[in-house]
Amino acid sequence: MIDGAQDTPSRIARRRRSTRLLRWLLLLFGFYVVAAYLVLPAFWTHHEHQKRLASLPMVTRTAQGIPGDPINVGLIGTETELVCAMHAAGWFPADPVTLRSSIAIVGSVLLARAYHAAPVSDLFYLDRREDLAFEKPASISADHRHHVRFWKVLDHGEEQRPVWLGAATFDRSIGVSHFTGAITHHIGPDIDGERQVIVTDLETAGMATAKYQVTGIGPTLAGRNGGGDLYYTDGEVWILRLAANCQKQTTPVAVIPSPPATELKDQIWHAIANTITNEVARP
């Protein structure tokens with residue numbers, strides 16, 4: 001009776017307004033969840049240029065099973081064509097991880113000595129370590145470098161040539177994993193920029209005839225790789241058709257367009273990414 005007596009008309013009205021507001025907020029949140037996690041990803045997802053990639057995962061794993069670097073680049077061609085193209089583009093095959101190469105990379109970092117073929121740690125995709133790995137030095141020592149790992153995923157893609165998927169990142173420093181405490185390279189967050197380095201190098205070397213996108217991990221603003229390093233990406237995989245038999249091309253690379261929805265998403269994302277980059281660079 002006492003509580004009931006305190007329920008004045010104004011309090012009852014405020015409570016009803018609060019209930020209606022809560023319902024609207026829950027409804028809007030529900031719409032957000034459906035749009036952000038179901039509708040828009042399905043709207044942006046496209047594999048029309050390489051249909052058999054639709055069923056594949058788009059993130060690598062560490063030896064401990066921790067999600068690693070996302071897939072962000074792909075090449076079409078034989079192993080010989082791939083190795084030849086990367087060499088022409090100025091990239092070096094990475095040495096396997098051995099006691100000798102491990103000592104050499106430590107000496108490169110500590111003594112600032114060049115080691116253009118320094119090994120990369122293993123990552124796993126489709127339950128196997130990388131088939132090929134390449135790097136491009138960014139300083140004298142091996143603590144700063146561009147690098148990429150490739151896995152052969154299809155013997156015959158849409159072009160009836162082998163399809164390779166890769167994870168390209170930039171090593172910015174030596175440190176310890178935030179997850180395991182092991183010594184590792186820390187990567188730079190802008191992995192789309194690293195993808196572009198490979199694309200530009202192959203185009204400049206005349207080693208590509210065409211390029212197109214397929215859906216990768218999807219737009220990611222605050223991803224974490226196997227070492228706990230932050231990354232952001234538009235979530236697309238740029239795939240390049242390599243020149244047959246490593247014959248240098250003199251004509252511009254053909255750009256096969258993505259669906260309009262994907263291109264609109266990319267424009268929005270690039271505006272967001274530029275803002276992030278500018279904020280990071282601000283003193």
# chains A, B, ... in the order shown; residues from 1 in each chain; ligands from 1

call {"tool": "residues_around", "arguments": {"residues": "Gly90 (chain A)", "least_positions_apart": "6", "cutoff": "12 Å", "atoms": "only C-alpha atoms", "output": "JSON, numbers by chain"}}
result
{"A": [83, 84, 116, 117, 134, 135, 136, 137, 138, 146, 147, 197, 198, 200, 201, 202, 203, 204, 205, 207]}

call {"tool": "select_by_dssp", "arguments": {"residues": "region 197-229 of chain A", "states": "strand (DSSP E)", "output": "VMD selection string"}}
result
chain A and resid 208 to 215 220 to 224

call {"tool": "write_last_selection", "arguments": {"atoms": "N, CA and C atoms", "output": "PDB file, in the first residue's frame"}}
result
ATOM      1  N   ALA A 208      52.488  -9.306 -63.593  1.00  0.00           N
ATOM      2  CA  ALA A 208      51.058  -9.579 -63.426  1.00  0.00           C
ATOM      3  C   ALA A 208      50.301  -9.102 -64.658  1.00  0.00           C
ATOM      4  N   THR A 209      49.235  -9.835 -64.991  1.00  0.00           N
ATOM      5  CA  THR A 209      48.416  -9.459 -66.141  1.00  0.00           C
ATOM      6  C   THR A 209      47.043  -8.933 -65.726  1.00  0.00           C
ATOM      7  N   ALA A 210      46.542  -9.348 -64.566  1.00  0.00           N
ATOM      8  CA  ALA A 210      45.221  -8.924 -64.107  1.00  0.00           C
ATOM      9  C   ALA A 210      45.158  -9.055 -62.601  1.00  0.00           C
ATOM     10  N   LYS A 211      44.201  -8.337 -61.983  1.00  0.00           N
ATOM     11  CA  LYS A 211      44.008  -8.455 -60.541  1.00  0.00           C
ATOM     12  C   LYS A 211      42.533  -8.249 -60.209  1.00  0.00           C
ATOM     13  N   TYR A 212      42.114  -8.888 -59.114  1.00  0.00           N
ATOM     14  CA  TYR A 212      40.735  -8.771 -58.658  1.00  0.00           C
ATOM     15  C   TYR A 212      40.674  -9.110 -57.185  1.00  0.00           C
ATOM     16  N   GLN A 213      39.516  -8.825 -56.572  1.00  0.00           N
ATOM     17  CA  GLN A 213      39.318  -9.079 -55.153  1.00  0.00           C
ATOM     18  C   GLN A 213      38.404 -10.279 -54.933  1.00  0.00           C
ATOM     19  N   VAL A 214      38.641 -10.969 -53.808  1.00  0.00           N
ATOM     20  CA  VAL A 214      37.662 -11.897 -53.245  1.00  0.00           C
ATOM     21  C   VAL A 214      37.578 -11.570 -51.753  1.00  0.00           C
ATOM     22  N   THR A 215      36.495 -12.002 -51.135  1.00  0.00           N
ATOM     23  CA  THR A 215      36.304 -11.711 -49.718  1.00  0.00           C
ATOM     24  C   THR A 215      37.290 -12.482 -48.854  1.00  0.00           C
ATOM     25  N   THR A 220      37.846  -5.412 -40.506  1.00  0.00           N
ATOM     26  CA  THR A 220      38.306  -5.649 -39.126  1.00  0.00           C
ATOM     27  C   THR A 220      39.025  -4.407 -38.634  1.00  0.00           C
ATOM     28  N   LEU A 221      38.533  -3.838 -37.555  1.00  0.00           N
ATOM     29  CA  LEU A 221      39.094  -2.595 -37.035  1.00  0.00           C
ATOM     30  C   LEU A 221      40.138  -2.834 -35.956  1.00  0.00           C
ATOM     31  N   ALA A 222      39.997  -3.893 -35.183  1.00  0.00           N
ATOM     32  CA  ALA A 222      40.912  -4.146 -34.064  1.00  0.00           C
ATOM     33  C   ALA A 222      41.188  -5.641 -33.940  1.00  0.00           C
ATOM     34  N   GLY A 223      41.779  -6.224 -35.002  1.00  0.00           N
ATOM     35  CA  GLY A 223      42.151  -7.643 -34.961  1.00  0.00           C
ATOM     36  C   GLY A 223      43.439  -7.840 -34.181  1.00  0.00           C
ATOM     37  N   ARG A 224      43.680  -9.072 -33.778  1.00  0.00           N
ATOM     38  CA  ARG A 224      44.922  -9.434 -33.094  1.00  0.00           C
ATOM     39  C   ARG A 224      45.500 -10.671 -33.749  1.00  0.00           C
TER      40      ARG A 224
END

call {"tool": "residues_around", "arguments": {"residues": "Asp122 (chain A)", "least_positions_apart": "5", "cutoff": "10 Å", "atoms": "only C-alpha atoms", "output": "VMD selection string"}}
result
chain A and resid 61 to 63 96 to 97 128 to 131 133 149

call {"tool": "closest_atom_pairs", "arguments": {"of": "region 60-80 of chain A", "to": "region 123-127 of chain A", "cutoff": "10 Å", "atoms": "only C-alpha atoms", "output": "tab-separated table"}}
result
residue	atom	partner	partner_atom	distance
A:Thr60	CA	A:Tyr125	CA	5.0
A:Arg61	CA	A:Phe124	CA	5.0
A:Thr62	CA	A:Leu123	CA	5.1
A:Ala63	CA	A:Leu123	CA	6.7
A:Gln64	CA	A:Phe124	CA	9.7
A:Gly65	CA	A:Phe124	CA	8.5
A:Ile66	CA	A:Leu123	CA	9.9
A:Pro67	CA	A:Phe124	CA	9.4
A:Gly68	CA	A:Leu123	CA	7.2
A:Asp69	CA	A:Leu123	CA	8.3
A:Ile71	CA	A:Tyr125	CA	9.4

call {"tool": "atom_distance", "arguments": {"atom1": "CA of Pro70 (chain A)", "atom2": "CA of His186 (chain A)"}}
result
14.7 Å

call {"tool": "residues_around", "arguments": {"residues": "Leu165 (chain A)", "least_positions_apart": "4", "cutoff": "12 Å", "atoms": "only C-alpha atoms", "output": "PyMOL selection string"}}
result
chain A and resi 50+53+56-60+70-77+82+125-126+130-133+148-154+157+195+214+216+237-240

call {"tool": "residues_around", "arguments": {"residues": "region 261-267 of chain A", "least_positions_apart": "3", "cutoff": "7 Å", "atoms": "only C-alpha atoms", "output": "PyMOL selection string"}}
result
chain A and resi 44+234+258+270-271

call {"tool": "write_last_selection", "arguments": {"atoms": "C-alpha atoms", "output": "PDB file, in the first residue's frame"}}
result
ATOM      1  CA  TRP A  44      29.670  -7.749 -49.219  1.00  0.00           C
ATOM      2  CA  ASP A 234      39.256  -3.864 -45.238  1.00  0.00           C
ATOM      3  CA  SER A 258      34.210  -6.135 -57.613  1.00  0.00           C
ATOM      4  CA  HIS A 270      39.506   3.541 -46.735  1.00  0.00           C
ATOM      5  CA  ALA A 271      38.184   6.800 -45.289  1.00  0.00           C
TER       6      ALA A 271
END
